[in-house]
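File shown here: model-v5.txt, holding compact mmCIF, C-alpha atoms.
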# COMPACT_ATOMS: atom_id res chain seq x y z
CA MET A 1 -63.64 111.66 183.24
CA ASP A 2 -66.88 109.70 183.46
CA PRO A 3 -69.51 112.15 184.79
CA HIS A 4 -71.28 109.41 186.75
CA SER A 5 -68.09 108.70 188.72
CA ILE A 6 -67.62 112.28 189.81
CA SER A 7 -71.18 113.13 190.77
CA LYS A 8 -71.89 114.13 194.35
CA ASP A 9 -73.91 110.91 194.67
CA TYR A 10 -70.63 108.98 194.73
CA MET A 11 -68.13 111.43 196.21
CA SER A 12 -68.01 112.95 199.67
CA GLU A 13 -67.77 116.73 199.97
CA ASN A 14 -64.10 116.34 200.94
CA ASP A 15 -63.37 114.09 197.95
CA PHE A 16 -65.17 116.53 195.64
CA ALA A 17 -63.13 119.48 197.00
CA ILE A 18 -59.86 117.58 196.51
CA TYR A 19 -60.87 116.53 192.99
CA ASN A 20 -61.68 120.14 192.03
CA SER A 21 -58.53 121.67 193.55
CA THR A 22 -55.62 122.05 191.15
CA GLU A 23 -53.39 122.44 194.23
CA SER A 24 -54.29 119.10 195.83
CA ASP A 25 -51.72 116.30 195.89
CA PHE A 26 -54.27 114.18 194.01
CA SER A 27 -54.55 116.66 191.12
CA LYS A 28 -50.79 117.11 190.93
CA LYS A 29 -50.27 113.36 190.75
CA LEU A 30 -53.06 112.97 188.20
CA ALA A 31 -51.35 115.55 185.99
CA ASN A 32 -48.13 113.50 186.05
CA LEU A 33 -49.34 109.96 185.42
CA HIS A 34 -47.02 107.46 183.75
CA LYS A 35 -47.85 105.26 180.79
CA ALA A 36 -47.96 101.54 181.46
CA SER A 37 -45.03 101.14 179.07
CA ASP A 38 -42.93 103.43 181.31
CA LEU A 39 -43.34 101.14 184.33
CA ASN A 40 -41.33 98.14 185.47
CA PRO A 41 -43.89 95.46 186.40
CA SER A 42 -41.54 93.86 188.92
CA ASP A 43 -41.72 97.06 190.99
CA TYR A 44 -45.32 96.23 191.90
CA GLY A 45 -47.00 93.62 194.06
CA LEU A 46 -50.55 94.94 193.78
CA PHE A 47 -52.43 95.89 190.62
CA PHE A 48 -55.60 98.00 191.00
CA ALA A 49 -57.79 98.74 187.97
CA SER A 50 -60.06 101.69 188.60
CA ALA A 51 -62.76 102.53 186.17
CA GLY A 52 -65.43 104.48 184.41
CA HIS A 53 -67.43 103.46 181.37
CA ALA A 54 -64.49 104.14 179.03
CA THR A 55 -62.75 101.07 180.41
CA LEU A 56 -65.29 98.89 178.62
CA PHE A 57 -63.61 100.14 175.44
CA ASP A 58 -60.01 100.33 176.63
CA TYR A 59 -59.26 97.64 179.19
CA PRO A 60 -59.96 94.48 177.17
CA SER A 61 -57.11 95.40 174.81
CA ALA A 62 -54.85 97.36 177.21
CA GLU A 63 -51.79 95.16 176.63
CA GLY A 64 -49.47 97.27 178.79
CA LEU A 65 -51.75 97.15 181.80
CA ILE A 66 -52.59 93.50 181.23
CA GLY A 67 -48.87 92.70 181.14
CA ILE A 68 -48.28 94.46 184.46
CA ALA A 69 -51.21 92.63 186.06
CA GLU A 70 -50.02 89.27 184.70
CA SER A 71 -46.57 89.92 186.15
CA VAL A 72 -48.02 90.85 189.54
CA TRP A 73 -50.19 87.70 189.53
CA ALA A 74 -47.36 85.41 188.39
CA ARG A 75 -45.15 86.65 191.23
CA GLY A 76 -47.86 85.95 193.83
CA GLY A 77 -49.22 89.49 194.10
CA VAL A 78 -52.76 90.85 194.31
CA VAL A 79 -54.94 91.85 191.36
CA SER A 80 -57.86 94.13 192.11
CA ALA A 81 -60.50 96.08 190.18
CA VAL A 82 -63.53 98.21 190.96
CA CYS A 83 -66.66 99.36 189.10
CA HIS A 84 -65.98 98.87 185.36
CA GLY A 85 -62.33 98.00 186.10
CA PRO A 86 -63.13 94.27 186.04
CA ALA A 87 -63.42 94.67 182.25
CA ILE A 88 -59.66 94.02 182.25
CA LEU A 89 -59.81 90.81 184.28
CA PRO A 90 -60.80 88.28 181.57
CA GLY A 91 -57.70 89.30 179.61
CA ILE A 92 -55.30 88.82 182.52
CA LYS A 93 -54.00 85.28 182.15
CA ASP A 94 -52.50 83.02 184.78
CA LYS A 95 -49.26 81.89 183.13
CA GLU A 96 -49.49 78.46 184.80
CA THR A 97 -53.01 77.61 183.60
CA GLY A 98 -53.34 79.80 180.53
CA LYS A 99 -56.79 80.80 181.80
CA SER A 100 -58.01 84.13 183.09
CA VAL A 101 -57.11 84.90 186.70
CA VAL A 102 -60.86 85.05 187.40
CA TYR A 103 -61.43 81.45 186.27
CA GLY A 104 -63.04 79.59 189.18
CA LYS A 105 -63.11 82.75 191.32
CA THR A 106 -65.95 84.84 192.72
CA VAL A 107 -65.95 88.42 191.45
CA THR A 108 -68.11 91.49 191.27
CA GLY A 109 -68.18 94.67 189.21
CA PHE A 110 -70.65 97.20 187.91
CA THR A 111 -74.08 95.58 187.63
CA ASP A 112 -76.37 95.20 184.65
CA GLU A 113 -79.08 96.81 186.81
CA GLY A 114 -76.84 99.83 187.33
CA GLU A 115 -76.31 100.12 183.57
CA GLU A 116 -80.09 99.99 183.06
CA MET A 117 -80.72 102.62 185.74
CA LEU A 118 -78.17 104.95 184.11
CA GLY A 119 -79.77 104.36 180.71
CA LEU A 120 -76.58 102.88 179.27
CA MET A 121 -77.30 99.19 178.68
CA ASP A 122 -78.77 99.83 175.23
CA VAL A 123 -75.65 101.83 174.30
CA ILE A 124 -73.41 99.03 175.59
CA LYS A 125 -75.31 96.49 173.51
CA LYS A 126 -75.38 98.72 170.42
CA LEU A 127 -71.61 99.24 170.60
CA GLU A 128 -71.11 95.49 171.20
CA LEU A 129 -69.29 96.10 174.48
CA VAL A 130 -69.17 93.37 177.10
CA PRO A 131 -70.92 94.13 180.41
CA ILE A 132 -68.88 93.22 183.49
CA SER A 133 -71.18 90.35 184.51
CA LYS A 134 -70.93 88.70 181.08
CA GLY A 135 -67.16 89.14 180.82
CA ALA A 136 -66.72 87.52 184.23
CA LYS A 137 -69.03 84.61 183.47
CA ASP A 138 -67.50 84.03 180.02
CA ALA A 139 -64.06 83.82 181.67
CA GLY A 140 -65.25 81.15 184.10
CA ALA A 141 -65.90 83.30 187.17
CA THR A 142 -68.91 83.37 189.46
CA TYR A 143 -70.30 86.89 189.30
CA VAL A 144 -72.03 88.21 192.45
CA LYS A 145 -73.73 91.52 193.05
CA PRO A 146 -75.06 93.61 195.93
CA ASP A 147 -78.73 93.92 196.83
CA GLY A 148 -78.76 97.43 195.35
CA PRO A 149 -76.64 98.31 192.30
CA PHE A 150 -75.12 101.33 194.03
CA ASP A 151 -74.47 99.73 197.43
CA ASP A 152 -70.91 99.49 198.73
CA PHE A 153 -69.96 95.90 197.91
CA SER A 154 -66.59 94.25 197.45
CA VAL A 155 -65.36 90.66 197.30
CA THR A 156 -62.04 89.02 198.12
CA ASP A 157 -61.25 85.61 196.64
CA GLY A 158 -57.67 84.81 197.53
CA ARG A 159 -55.40 87.26 195.73
CA LEU A 160 -58.26 88.67 193.63
CA VAL A 161 -60.25 91.63 195.00
CA THR A 162 -63.17 93.27 193.19
CA GLY A 163 -65.73 95.98 193.92
CA THR A 164 -69.03 96.94 192.35
CA ASN A 165 -69.21 100.70 191.84
CA PRO A 166 -67.76 104.10 192.84
CA ALA A 167 -69.23 103.71 196.35
CA SER A 168 -67.16 100.51 196.64
CA ALA A 169 -63.82 102.09 195.74
CA HIS A 170 -62.72 102.58 199.35
CA SER A 171 -63.75 99.15 200.62
CA THR A 172 -62.17 97.50 197.58
CA ALA A 173 -58.89 99.35 198.10
CA VAL A 174 -58.86 98.47 201.80
CA LYS A 175 -59.47 94.79 201.03
CA ALA A 176 -56.80 94.82 198.31
CA VAL A 177 -54.24 96.20 200.77
CA GLU A 178 -55.34 93.66 203.39
CA ALA A 179 -54.88 90.85 200.86
CA PHE A 180 -51.45 92.20 199.97
CA ASP A 181 -50.45 92.55 203.63
CA SER A 182 -51.45 88.93 204.24
CA LEU A 183 -49.05 87.57 201.59
Would you write out, as structure tokens, the structure that this file holds?
Amino acid sequence: MDPHSISKDYMSENDFAIYNSTESDFSKKLANLHKASDLNPSDYGLFFASAGHATLFDYPSAEGLIGIAESVWARGGVVSAVCHGPAILPGIKDKETGKSVVYGKTVTGFTDEGEEMLGLMDVIKKLELVPISKGAKDAGATYVKPDGPFDDFSVTDGRLVTGTNPASAHSTAVKAVEAFDSL
């Protein structure tokens, strides 16, 4: 687990207590997660990519997750991501256009300023990882960011919903469900 994501700066006391309790429903579910390959994409109408810095390594080549998201999108569902989760978005293709689902859309995700403040931008560059802003722009999206890199900030553009950081997880999830409910 990314230590930045579970710091008390980003979690309420209640969230922190649930996270640390092995008896919580959350912990029990976390212990029994399924692999993407075990899932039937047609069972889902909303795809939500959560994050942490590890997703910069994993998501761009996460074929199983990308396949689920492409299926959701192709069937008219909602694709959503928060924090570093948008690292997966350039790889999710719209089957009709062959372009990324973010092409021509407005998106957000963890900011370059946030990476600098955490002292991680040099590591990202050294490891030749793609920051969220660059991945979005390279895929044809308009990348927007909050006034402060750790402000709660999320964006809905049609069936695509994105959020900036751990503080944005709740607002992003709410907007994703709202987008889904409006279908």
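Across the structure, atom CA of A:Ile6 and atom CA of A:Ala167 are spaced 10.9 Å apart.
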Got a sec: who's within 12 Å of A:Lys29, counting all atoms listed in the file, leaving out chain neighbours fewer than 6 positions off, as a list in words? Ile18, Tyr19, Thr22 and Glu23 of chain A
Between A:Ala87, A:Ile68, A:Leu56, A:Ala31, which is the closest to A:Glu128 once you count all atoms listed in the file?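 Of the candidates, the smallest distance to A:Glu128 is held by A:Leu56.
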Excluding stretch 143-147 of chain A and residues on its chain fewer than 2 positions from it, collect all residues at most 8 Å away from it, counting all atoms listed in the file, and give them as a tab-separated table (two decimals) with C-alpha atoms, keeping the file's coordinate frame.
chain	number	residue	atom	x	y	z
A	106	THR	CA	-65.95	84.84	192.72
A	107	VAL	CA	-65.95	88.42	191.45
A	108	THR	CA	-68.11	91.49	191.27
A	109	GLY	CA	-68.18	94.67	189.21
A	111	THR	CA	-74.08	95.58	187.63
A	133	SER	CA	-71.18	90.35	184.51
A	136	ALA	CA	-66.72	87.52	184.23
A	137	LYS	CA	-69.03	84.61	183.47
A	141	ALA	CA	-65.90	83.30	187.17
A	149	PRO	CA	-76.64	98.31	192.30
A	150	PHE	CA	-75.12	101.33	194.03
A	151	ASP	CA	-74.47	99.73	197.43
A	152	ASP	CA	-70.91	99.49	198.73
A	153	PHE	CA	-69.96	95.90	197.91
A	164	THR	CA	-69.03	96.94	192.35
So what do you get for atom CA of A:Met11 versus atom CA of A:Ile132, distance-wise? 22.2 Å
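Among the candidates A:Lys126, A:Ser42, A:Gly76, A:Gly140, the one nearest to A:Pro90 when counting all atoms listed in the file is A:Gly140.
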Pick from A:Asp15, A:Asp58, A:Glu96, A:Asp138 nearest to A:Glu70, counting only C-alpha atoms: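 Answer, going by the shortest atom-to-atom distance: A:Glu96.
Using only C-alpha atoms, the contacts of A:Phe16 at a cut-off of 12 Å, with sequence neighbours closer than 6 positions omitted, comprise Ser5, Ile6, Ser7, Lys8, Asp9, Tyr10, Thr22, Ser24, Phe26 and Ser27 of chain A.
Across the model, the gap from atom CA of A:Ala51 to atom CA of A:Leu127 is 18.2 Å.
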Find, counting only C-alpha atoms, the residue in A:Gly158, A:Gly45, A:Pro131, A:Gly148 that gets nearest to A:Ala74.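 Among the listed residues, the smallest separation from A:Ala74 belongs to A:Gly45.
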Minimum-distance residue to A:Asp38, chosen among A:Val177, A:Leu89, A:Ala81, A:Leu65 (using all atoms listed in the file):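 Looking only at the distances to A:Asp38, the closest residue turns out to be A:Leu65.
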